[in-house]
$ cat model_38.txt   # compact mmCIF, C-alpha atoms
# COMPACT_ATOMS: atom_id res chain seq x y z
CA MET A 857 -46.94 -8.75 2.23
CA PRO A 858 -44.46 -5.87 1.87
CA GLN A 859 -40.96 -6.44 3.18
CA SER A 860 -40.58 -2.82 4.22
CA THR A 861 -42.34 0.50 4.36
CA SER A 862 -40.63 3.67 3.27
CA ASN A 863 -41.17 7.35 2.68
CA ARG A 864 -39.01 8.50 -0.20
CA ILE A 865 -38.62 11.73 -2.11
CA LEU A 866 -36.65 11.88 -5.36
CA ALA A 867 -35.18 15.28 -6.19
CA THR A 868 -34.21 16.75 -9.55
CA PRO A 869 -31.56 19.43 -8.94
CA SER A 870 -31.27 22.53 -11.07
CA ALA A 871 -28.24 23.10 -13.29
CA TYR A 872 -27.05 25.75 -10.82
CA ALA A 873 -27.27 23.32 -7.89
CA ARG A 874 -25.40 20.63 -9.83
CA LYS A 875 -22.59 23.05 -10.47
CA HIS A 876 -22.36 24.86 -7.14
CA TYR A 877 -24.03 22.86 -4.35
CA LEU A 878 -24.10 19.54 -2.61
CA TYR A 879 -27.53 18.45 -3.75
CA VAL A 880 -30.15 15.87 -2.81
CA GLN A 881 -30.76 12.95 -5.14
CA GLU A 882 -33.23 11.18 -2.88
CA THR A 883 -33.98 11.04 0.81
CA GLY A 884 -36.33 9.27 3.13
CA THR A 885 -36.97 6.74 5.88
CA LEU A 886 -37.12 2.95 5.78
CA THR A 887 -38.78 0.58 8.22
CA SER A 888 -38.04 -3.10 7.55
CA LEU A 889 -40.75 -5.61 8.30
CA GLU A 890 -38.62 -8.63 7.41
CA PRO A 891 -35.13 -9.22 5.96
CA HIS A 892 -34.67 -7.67 2.54
CA ILE A 893 -31.34 -7.16 0.79
CA SER A 894 -30.78 -3.85 -0.97
CA LYS A 895 -27.87 -3.91 -3.43
CA ARG A 896 -26.36 -1.14 -5.53
CA GLN A 897 -23.13 -0.16 -7.26
CA ASN A 898 -21.69 2.17 -9.91
CA LEU A 899 -23.79 5.11 -8.76
CA ASN A 900 -22.48 8.66 -8.89
CA SER A 901 -23.76 9.21 -5.40
CA TYR A 902 -22.86 9.21 -1.72
CA LEU A 903 -25.18 7.53 0.75
CA PHE A 904 -25.46 8.55 4.37
CA PHE A 905 -27.81 6.73 6.71
CA ALA A 906 -28.44 6.56 10.44
CA VAL A 907 -29.87 3.47 12.16
CA LEU A 908 -32.70 4.65 14.41
CA SER A 909 -33.65 1.25 15.80
CA GLY A 910 -33.10 -2.44 15.21
CA SER A 911 -30.05 -4.06 13.66
CA GLY A 912 -28.75 -5.63 10.47
CA HIS A 913 -25.62 -5.90 8.41
CA LEU A 914 -23.78 -4.01 5.70
CA SER A 915 -21.47 -5.51 3.07
CA TYR A 916 -18.96 -3.02 1.70
CA GLU A 917 -15.37 -3.28 0.45
CA SER A 918 -15.71 -7.10 0.56
CA VAL A 919 -16.36 -7.06 4.30
CA ARG A 920 -19.57 -7.78 6.20
CA HIS A 921 -20.28 -5.48 9.15
CA ASN A 922 -22.89 -5.81 11.87
CA ILE A 923 -24.64 -2.51 12.51
CA LYS A 924 -27.29 -1.50 15.02
CA ALA A 925 -29.27 1.40 16.43
CA GLY A 926 -27.07 4.46 16.95
CA ASP A 927 -24.65 3.65 14.10
CA CYS A 928 -24.03 5.91 11.11
CA VAL A 929 -22.71 5.02 7.68
CA TRP A 930 -21.28 7.15 4.86
CA LEU A 931 -20.62 5.25 1.63
CA ASP A 932 -19.16 5.91 -1.79
CA CYS A 933 -21.82 4.37 -4.03
CA THR A 934 -19.53 3.87 -7.00
CA LYS A 935 -18.45 0.80 -5.01
CA ALA A 936 -20.68 -2.23 -4.59
CA TYR A 937 -22.61 -2.37 -1.33
CA SER A 938 -25.59 -4.12 0.16
CA HIS A 939 -27.47 -3.94 3.44
CA GLU A 940 -30.10 -6.09 5.10
CA SER A 941 -32.18 -5.81 8.24
CA SER A 942 -31.98 -8.65 10.74
CA ALA A 943 -34.89 -11.09 10.95
CA HIS A 944 -35.34 -10.88 14.71
CA ASP A 945 -34.72 -7.15 15.14
CA PRO A 946 -35.89 -5.24 12.03
CA TRP A 947 -34.40 -1.80 11.68
CA GLN A 948 -35.55 1.70 10.90
CA LEU A 949 -33.26 3.98 8.90
CA MET A 950 -33.11 7.62 7.88
CA TRP A 951 -31.04 8.21 4.76
CA ILE A 952 -29.99 10.51 1.97
CA HIS A 953 -28.31 10.01 -1.39
CA PHE A 954 -26.48 13.17 -2.39
CA TYR A 955 -23.89 14.37 -4.85
CA GLY A 956 -22.19 17.54 -6.07
CA SER A 957 -18.99 18.84 -7.60
CA GLN A 958 -17.22 18.83 -4.23
CA ALA A 959 -18.70 15.61 -2.85
CA LYS A 960 -15.76 13.41 -3.84
CA ALA A 961 -13.23 15.83 -2.35
CA PHE A 962 -15.14 15.91 0.95
CA TYR A 963 -15.25 12.13 1.11
CA GLU A 964 -11.59 11.62 0.25
CA ASN A 965 -10.61 14.21 2.86
CA PHE A 966 -12.83 12.41 5.38
CA LEU A 967 -11.02 9.11 4.80
CA SER A 968 -7.54 10.62 4.54
CA SER A 969 -8.09 12.29 7.92
CA GLY A 970 -8.21 8.85 9.53
CA ASN A 971 -12.00 8.51 9.69
CA TYR A 972 -14.00 5.40 8.87
CA PHE A 973 -17.21 5.03 6.87
CA LEU A 974 -18.95 3.15 9.71
CA PHE A 975 -19.04 4.91 13.05
CA ARG A 976 -21.01 5.49 16.23
CA PRO A 977 -21.44 9.13 17.24
CA GLN A 978 -22.14 10.17 20.81
CA SER A 979 -25.68 10.95 19.65
CA ILE A 980 -27.37 10.45 16.30
CA ARG A 981 -29.87 13.21 17.05
CA PRO A 982 -27.88 16.00 15.31
CA PHE A 983 -27.66 13.78 12.23
CA THR A 984 -31.35 12.88 12.22
CA PHE A 985 -32.31 16.53 12.78
CA ALA A 986 -30.42 17.51 9.60
CA LEU A 987 -32.04 14.62 7.72
CA GLU A 988 -35.49 15.70 8.90
CA GLN A 989 -34.87 19.24 7.70
CA ILE A 990 -33.69 17.99 4.31
CA TYR A 991 -36.80 15.83 3.92
CA GLN A 992 -39.10 18.73 4.81
CA LEU A 993 -37.31 20.99 2.35
CA GLN A 994 -37.94 18.52 -0.47
CA GLU A 995 -41.63 18.46 0.45
CA GLU A 996 -41.99 22.23 0.63
CA LYS A 997 -40.09 23.06 -2.59
CA PHE A 998 -39.67 26.76 -1.77
CA SER A 999 -37.22 29.00 -3.61
CA LEU A 1000 -34.24 28.49 -1.27
CA ARG A 1001 -34.76 24.73 -0.99
CA GLU A 1002 -31.53 23.80 -2.78
CA LEU A 1003 -29.37 26.29 -0.89
CA CYS A 1004 -30.80 25.20 2.46
CA SER A 1005 -30.44 21.52 1.53
CA HIS A 1006 -26.79 22.20 0.72
CA LYS A 1007 -26.42 23.73 4.18
CA TYR A 1008 -27.86 20.68 5.94
CA ILE A 1009 -25.83 18.21 3.87
CA THR A 1010 -22.75 20.21 4.84
CA ASP A 1011 -23.88 19.97 8.47
CA ILE A 1012 -24.03 16.18 8.19
CA ILE A 1013 -20.54 16.05 6.67
CA THR A 1014 -19.20 18.31 9.41
CA LEU A 1015 -20.73 16.02 12.03
CA CYS A 1016 -19.12 13.00 10.34
CA PHE A 1017 -15.74 14.67 10.79
CA SER A 1018 -16.29 15.92 14.32
CA ASP A 1019 -18.13 12.98 15.91
CA ASN A 1020 -16.63 9.91 14.30
CA LYS A 1021 -15.70 6.88 16.35
CA ALA A 1022 -14.87 3.94 14.10
CA ILE A 1023 -16.56 0.61 14.64
CA LEU A 1024 -14.33 -2.35 13.82
CA THR A 1025 -16.63 -5.36 13.73
CA GLU A 1026 -15.52 -8.92 14.42
CA GLU A 1027 -15.69 -9.71 10.71
CA TYR A 1028 -13.41 -6.85 9.84
CA SER A 1029 -9.71 -7.49 10.18
CA ILE A 1030 -7.46 -4.91 8.56
CA GLY A 1031 -4.49 -7.03 9.55
CA GLN A 1032 -5.81 -9.94 7.50
CA LYS A 1033 -6.46 -7.73 4.50
CA LEU A 1034 -3.02 -6.15 4.76
CA LYS A 1035 -1.46 -9.61 4.75
CA GLN A 1036 -3.32 -10.35 1.53
CA VAL A 1037 -2.05 -7.09 0.04
CA HIS A 1038 1.50 -7.85 1.17
CA ASN A 1039 1.46 -11.32 -0.39
CA TYR A 1040 -0.01 -9.92 -3.59
CA LEU A 1041 2.78 -7.33 -3.82
CA LEU A 1042 5.49 -9.95 -3.38
CA GLU A 1043 3.92 -12.32 -5.91
CA ASN A 1044 3.32 -9.61 -8.51
CA CYS A 1045 6.18 -7.18 -7.89
CA HIS A 1046 7.43 -7.65 -11.46
CA ARG A 1047 4.17 -6.20 -12.77
CA LYS A 1048 3.16 -2.56 -12.95
CA ILE A 1049 1.14 -1.81 -9.81
CA ASN A 1050 -0.21 1.57 -8.75
CA LEU A 1051 -1.97 2.50 -5.54
CA ASP A 1052 -5.34 3.23 -7.17
CA ASP A 1053 -5.49 -0.20 -8.82
CA LEU A 1054 -4.35 -1.90 -5.62
CA ALA A 1055 -7.00 -0.12 -3.55
CA ASP A 1056 -9.72 -1.06 -6.06
CA ALA A 1057 -8.58 -4.69 -6.15
CA PHE A 1058 -8.83 -5.04 -2.37
CA PHE A 1059 -11.84 -2.74 -1.89
CA ILE A 1060 -10.15 -0.34 0.50
CA SER A 1061 -9.51 3.39 0.49
CA LYS A 1062 -6.07 4.11 -0.92
CA TYR A 1063 -5.44 6.59 1.89
CA HIS A 1064 -6.35 4.08 4.58
CA LEU A 1065 -4.35 1.38 2.78
CA SER A 1066 -1.18 3.49 2.61
CA ARG A 1067 -1.26 4.48 6.28
CA ALA A 1068 -2.26 1.07 7.62
CA TYR A 1069 0.28 -0.79 5.48
CA LYS A 1070 3.19 1.36 6.60
CA LYS A 1071 2.10 1.04 10.23
CA ALA A 1072 1.86 -2.75 9.95
CA TYR A 1073 5.04 -3.43 7.96
CA GLY A 1074 7.22 -0.43 8.74
CA ILE A 1075 7.78 0.40 5.06
CA THR A 1076 5.71 1.87 2.27
CA ILE A 1077 3.97 -0.11 -0.45
CA GLY A 1078 6.45 1.34 -2.95
CA ASN A 1079 9.39 0.13 -0.87
CA THR A 1080 7.87 -3.35 -0.69
CA LEU A 1081 7.57 -3.46 -4.47
CA THR A 1082 11.16 -2.32 -4.88
CA ALA A 1083 12.45 -4.88 -2.38
CA GLY A 1084 10.52 -7.65 -4.13
CA ARG A 1085 11.90 -6.62 -7.51
CA ILE A 1086 15.45 -6.51 -6.20
CA SER A 1087 15.06 -9.99 -4.64
CA ARG A 1088 13.74 -11.33 -7.93
CA ALA A 1089 16.63 -9.69 -9.79
CA LYS A 1090 19.19 -11.21 -7.42
CA SER A 1091 17.83 -14.68 -8.07
CA LEU A 1092 17.95 -14.18 -11.84
CA LEU A 1093 21.47 -12.74 -11.68
CA ARG A 1094 22.69 -15.77 -9.76
CA PHE A 1095 20.79 -18.57 -11.43
CA SER A 1096 20.27 -17.47 -15.01
CA ALA A 1097 22.38 -16.27 -17.91
CA ASP A 1098 19.93 -13.51 -18.83
CA SER A 1099 21.35 -10.10 -19.63
CA VAL A 1100 21.04 -7.22 -17.19
CA ASP A 1101 18.66 -5.47 -19.59
CA SER A 1102 16.47 -8.57 -19.79
CA ILE A 1103 16.45 -9.00 -16.01
CA ALA A 1104 15.56 -5.34 -15.50
CA ALA A 1105 12.52 -5.71 -17.77
CA ASP A 1106 11.53 -9.04 -16.22
CA CYS A 1107 11.57 -7.49 -12.75
CA GLY A 1108 9.32 -4.58 -13.64
CA PHE A 1109 11.89 -1.87 -14.32
CA GLN A 1110 11.16 0.10 -17.47
CA ASP A 1111 14.71 1.39 -17.77
CA SER A 1112 17.88 -0.67 -17.18
CA ALA A 1113 19.87 2.40 -16.09
CA TYR A 1114 17.32 3.07 -13.37
CA PHE A 1115 17.41 -0.62 -12.41
CA ILE A 1116 21.20 -0.47 -12.01
CA LYS A 1117 20.90 2.66 -9.85
CA VAL A 1118 18.22 1.15 -7.60
CA PHE A 1119 20.06 -2.15 -7.34
CA LYS A 1120 23.32 -0.47 -6.36
CA ASN A 1121 21.56 1.63 -3.72
CA ALA A 1122 20.15 -1.58 -2.23
CA GLU A 1123 23.18 -3.88 -2.49
CA ASN A 1124 26.11 -1.47 -2.77
CA LEU A 1125 27.03 -3.40 -5.93
CA THR A 1126 26.00 -3.08 -9.55
CA PRO A 1127 24.01 -6.03 -10.95
CA SER A 1128 27.08 -7.21 -12.88
CA GLU A 1129 29.28 -6.95 -9.79
CA TYR A 1130 26.69 -8.85 -7.77
CA ARG A 1131 26.53 -11.60 -10.40
CA ARG A 1132 30.30 -12.04 -10.53
CA LYS A 1133 30.60 -12.08 -6.75
CA TRP A 1134 27.83 -14.59 -6.12
CA GLN A 1135 28.65 -16.83 -9.05
CA GLY A 1136 32.20 -17.15 -7.72
CA LEU A 1137 33.80 -15.45 -10.68
CA THR A 1138 35.97 -13.17 -8.54
$ encode --input "model_38.txt" --output "structure tokens"
Amino acid sequence: MPQSTSNRILATPSAYARKHYLYVQETGTLTSLEPHISKRQNLNSYLFFAVLSGSGHLSYESVRHNIKAGDCVWLDCTKAYSHESSAHDPWQLMWIHFYGSQAKAFYENFLSSGNYFLFRPQSIRPFTFALEQIYQLQEEKFSLRELCSHKYITDIITLCFSDNKAILTEEYSIGQKLKQVHNYLLENCHRKINLDDLADAFFISKYHLSRAYKKAYGITIGNTLTAGRISRAKSLLRFSADSVDSIAADCGFQDSAYFIKVFKNAENLTPSEYRRKWQGLT
């Protein structure tokens, strides 16, 4: 017995569409008859889907989210994700995978503007209308199909910006994730850490991470790293005989002159002055 029924159209864009348009990769509808997990990752694609009826859950960025009729989702498919219809309330979805030269820029702007990939619009009808038009265009295959599909994909993106109300499920706790990030920074401050790697490690948008972290802790991620490195340096200055150059390297500073400058800005003392003062040599 099939676990779901679906209508799906796979599209093969022209070279012109790949270069100039947002283009359809595949689109369709899905009606689940029983729970079935769909998993994907490492796709050069963006997935948008609207839940027409029923309910289920989505796992994305290491967090499980309950979703139900009326919810919309816009995902970056380079990241691992999975979704599954509930057993007692099977869902029906309308969806599109799309891509294009400007797709990444649209998505990053969407997130950096404070929006969230899971949201509940006032009405999903404008979204489903655009999806219906896109599906029909793929069936008809007339000469302006790719241009018109680009127009309707752009309509969906515009709606995502203009009618986005984030859904924070019970399982999702940004505060808990930020605490994990904070502890990681303090434990690994002597290592080279950049925002992109940190965002990938904790499965969260770097834009959302930067804003949320500063709001929660009152300082930037960079300032936390610097403070952790200075604290580590102070301990080594007091309780070891290591040279200033060695301590600078051990605390994640590539250049000892820069370390001395940063340390003095923080403590109003050079590392050597700090060592003499706290070791009771003056």
$ closest_residue --input "model_38.txt" --among "A:His953, A:Arg1047, A:Lys1070, A:Arg1088" --to "Tyr879 of chain A" --atoms "only C-alpha atoms"
A:His953
$ closest_residue --input "model_38.txt" --among "A:Leu1093, A:Ala1083, A:Ile1009, A:Leu967" --to "His1064 of chain A" --atoms "all atoms listed in the file"
A:Leu967
$ atom_distance --input "model_38.txt" --atom1 "atom CA of Ile990 of chain A" --atom2 "atom CA of Gly956 of chain A"
15.5 Å
$ axis_aligned_box --input "model_38.txt" --around "segment 1084-1103 of chain A" --padding-each-side "8 Å" --output "AutoDock Vina command-line options"
--center_x 16.6 --center_y -12.0 --center_z -12.0 --size_x 28.2 --size_y 29.1 --size_z 31.7
$ residues_around --input "model_38.txt" --residues "Gln881 of chain A" --least-positions-apart "6" --cutoff "7 Å" --atoms "all atoms listed in the file" --output "list of chain:residue names"
A:Leu866, A:Ala867, A:Thr868, A:His953, A:Phe954
$ closest_atom_pairs --input "model_38.txt" --of "segment 921-1011 of chain A" --to "segment 893-913 of chain A" --cutoff "6 Å" --atoms "only C-alpha atoms" --output "JSON lines"
{"residue": "A:His921", "atom": "CA", "partner": "A:His913", "partner_atom": "CA", "distance": 5.4}
{"residue": "A:Asn922", "atom": "CA", "partner": "A:His913", "partner_atom": "CA", "distance": 4.4}
{"residue": "A:Ile923", "atom": "CA", "partner": "A:His913", "partner_atom": "CA", "distance": 5.4}
{"residue": "A:Lys924", "atom": "CA", "partner": "A:Ser911", "partner_atom": "CA", "distance": 4.0}
{"residue": "A:Ala925", "atom": "CA", "partner": "A:Ser909", "partner_atom": "CA", "distance": 4.4}
{"residue": "A:Gly926", "atom": "CA", "partner": "A:Val907", "partner_atom": "CA", "distance": 5.6}
{"residue": "A:Asp927", "atom": "CA", "partner": "A:Val907", "partner_atom": "CA", "distance": 5.6}
{"residue": "A:Cys928", "atom": "CA", "partner": "A:Ala906", "partner_atom": "CA", "distance": 4.5}
{"residue": "A:Val929", "atom": "CA", "partner": "A:Phe905", "partner_atom": "CA", "distance": 5.5}
{"residue": "A:Trp930", "atom": "CA", "partner": "A:Phe904", "partner_atom": "CA", "distance": 4.4}
{"residue": "A:Leu931", "atom": "CA", "partner": "A:Leu903", "partner_atom": "CA", "distance": 5.2}
{"residue": "A:Asp932", "atom": "CA", "partner": "A:Tyr902", "partner_atom": "CA", "distance": 5.0}
{"residue": "A:Cys933", "atom": "CA", "partner": "A:Leu899", "partner_atom": "CA", "distance": 5.2}
{"residue": "A:Thr934", "atom": "CA", "partner": "A:Asn898", "partner_atom": "CA", "distance": 4.0}
{"residue": "A:Lys935", "atom": "CA", "partner": "A:Gln897", "partner_atom": "CA", "distance": 5.3}
{"residue": "A:Ala936", "atom": "CA", "partner": "A:Gln897", "partner_atom": "CA", "distance": 4.2}
{"residue": "A:Tyr937", "atom": "CA", "partner": "A:Arg896", "partner_atom": "CA", "distance": 5.8}
{"residue": "A:Ser938", "atom": "CA", "partner": "A:Lys895", "partner_atom": "CA", "distance": 4.3}
{"residue": "A:His939", "atom": "CA", "partner": "A:Ser894", "partner_atom": "CA", "distance": 5.5}
{"residue": "A:Glu940", "atom": "CA", "partner": "A:Ile893", "partner_atom": "CA", "distance": 4.6}
{"residue": "A:Ser941", "atom": "CA", "partner": "A:Gly912", "partner_atom": "CA", "distance": 4.1}
{"residue": "A:Ser942", "atom": "CA", "partner": "A:Gly912", "partner_atom": "CA", "distance": 4.4}
{"residue": "A:Asp945", "atom": "CA", "partner": "A:Gly910", "partner_atom": "CA", "distance": 5.0}
{"residue": "A:Pro946", "atom": "CA", "partner": "A:Gly910", "partner_atom": "CA", "distance": 5.1}
{"residue": "A:Trp947", "atom": "CA", "partner": "A:Gly910", "partner_atom": "CA", "distance": 3.8}
{"residue": "A:Gln948", "atom": "CA", "partner": "A:Ser909", "partner_atom": "CA", "distance": 5.3}
{"residue": "A:Leu949", "atom": "CA", "partner": "A:Val907", "partner_atom": "CA", "distance": 4.7}
{"residue": "A:Met950", "atom": "CA", "partner": "A:Ala906", "partner_atom": "CA", "distance": 5.4}
{"residue": "A:Trp951", "atom": "CA", "partner": "A:Phe905", "partner_atom": "CA", "distance": 4.1}
{"residue": "A:Ile952", "atom": "CA", "partner": "A:Phe904", "partner_atom": "CA", "distance": 5.5}
{"residue": "A:His953", "atom": "CA", "partner": "A:Leu903", "partner_atom": "CA", "distance": 4.5}
{"residue": "A:Phe954", "atom": "CA", "partner": "A:Tyr902", "partner_atom": "CA", "distance": 5.4}
{"residue": "A:Tyr955", "atom": "CA", "partner": "A:Ser901", "partner_atom": "CA", "distance": 5.2}
$ atom_distance --input "model_38.txt" --atom1 "atom CA of Thr1010 of chain A" --atom2 "atom CA of Leu878 of chain A"
7.6 Å
$ atom_distance --input "model_38.txt" --atom1 "atom CA of Leu886 of chain A" --atom2 "atom CA of Ile865 of chain A"
11.9 Å
$ closest_residue --input "model_38.txt" --among "A:Ile1049, A:Leu889, A:Leu987, A:Cys1107" --to "Val1037 of chain A" --atoms "only C-alpha atoms"
A:Ile1049
$ closest_residue --input "model_38.txt" --among "A:Glu1129, A:Glu890, A:Asp1052, A:Glu1043" --to "Lys1090 of chain A" --atoms "only C-alpha atoms"
A:Glu1129
$ residues_around --input "model_38.txt" --residues "Cys1004 of chain A" --least-positions-apart "6" --cutoff "12 Å" --atoms "only C-alpha atoms" --output "list in words"
Ala873, Tyr877, Leu878, Tyr879, Val880, Ala986, Leu987, Gln989, Ile990, Tyr991, Gln992, Leu993, Gln994, Glu996, Lys997, Phe998, Thr1010 and Asp1011 of chain A
$ write_last_selection --input "model_38.txt" --atoms "C-alpha atoms" --output "PDB file, keeping the file's coordinate frame"
ATOM      1  CA  ALA A 873     -27.270  23.320  -7.890  1.00  0.00           C
ATOM      2  CA  TYR A 877     -24.030  22.860  -4.350  1.00  0.00           C
ATOM      3  CA  LEU A 878     -24.100  19.540  -2.610  1.00  0.00           C
ATOM      4  CA  TYR A 879     -27.530  18.450  -3.750  1.00  0.00           C
ATOM      5  CA  VAL A 880     -30.150  15.870  -2.810  1.00  0.00           C
ATOM      6  CA  ALA A 986     -30.420  17.510   9.600  1.00  0.00           C
ATOM      7  CA  LEU A 987     -32.040  14.620   7.720  1.00  0.00           C
ATOM      8  CA  GLN A 989     -34.870  19.240   7.700  1.00  0.00           C
ATOM      9  CA  ILE A 990     -33.690  17.990   4.310  1.00  0.00           C
ATOM     10  CA  TYR A 991     -36.800  15.830   3.920  1.00  0.00           C
ATOM     11  CA  GLN A 992     -39.100  18.730   4.810  1.00  0.00           C
ATOM     12  CA  LEU A 993     -37.310  20.990   2.350  1.00  0.00           C
ATOM     13  CA  GLN A 994     -37.940  18.520  -0.470  1.00  0.00           C
ATOM     14  CA  GLU A 996     -41.990  22.230   0.630  1.00  0.00           C
ATOM     15  CA  LYS A 997     -40.090  23.060  -2.590  1.00  0.00           C
ATOM     16  CA  PHE A 998     -39.670  26.760  -1.770  1.00  0.00           C
ATOM     17  CA  THR A1010     -22.750  20.210   4.840  1.00  0.00           C
ATOM     18  CA  ASP A1011     -23.880  19.970   8.470  1.00  0.00           C
TER      19      ASP A1011
END
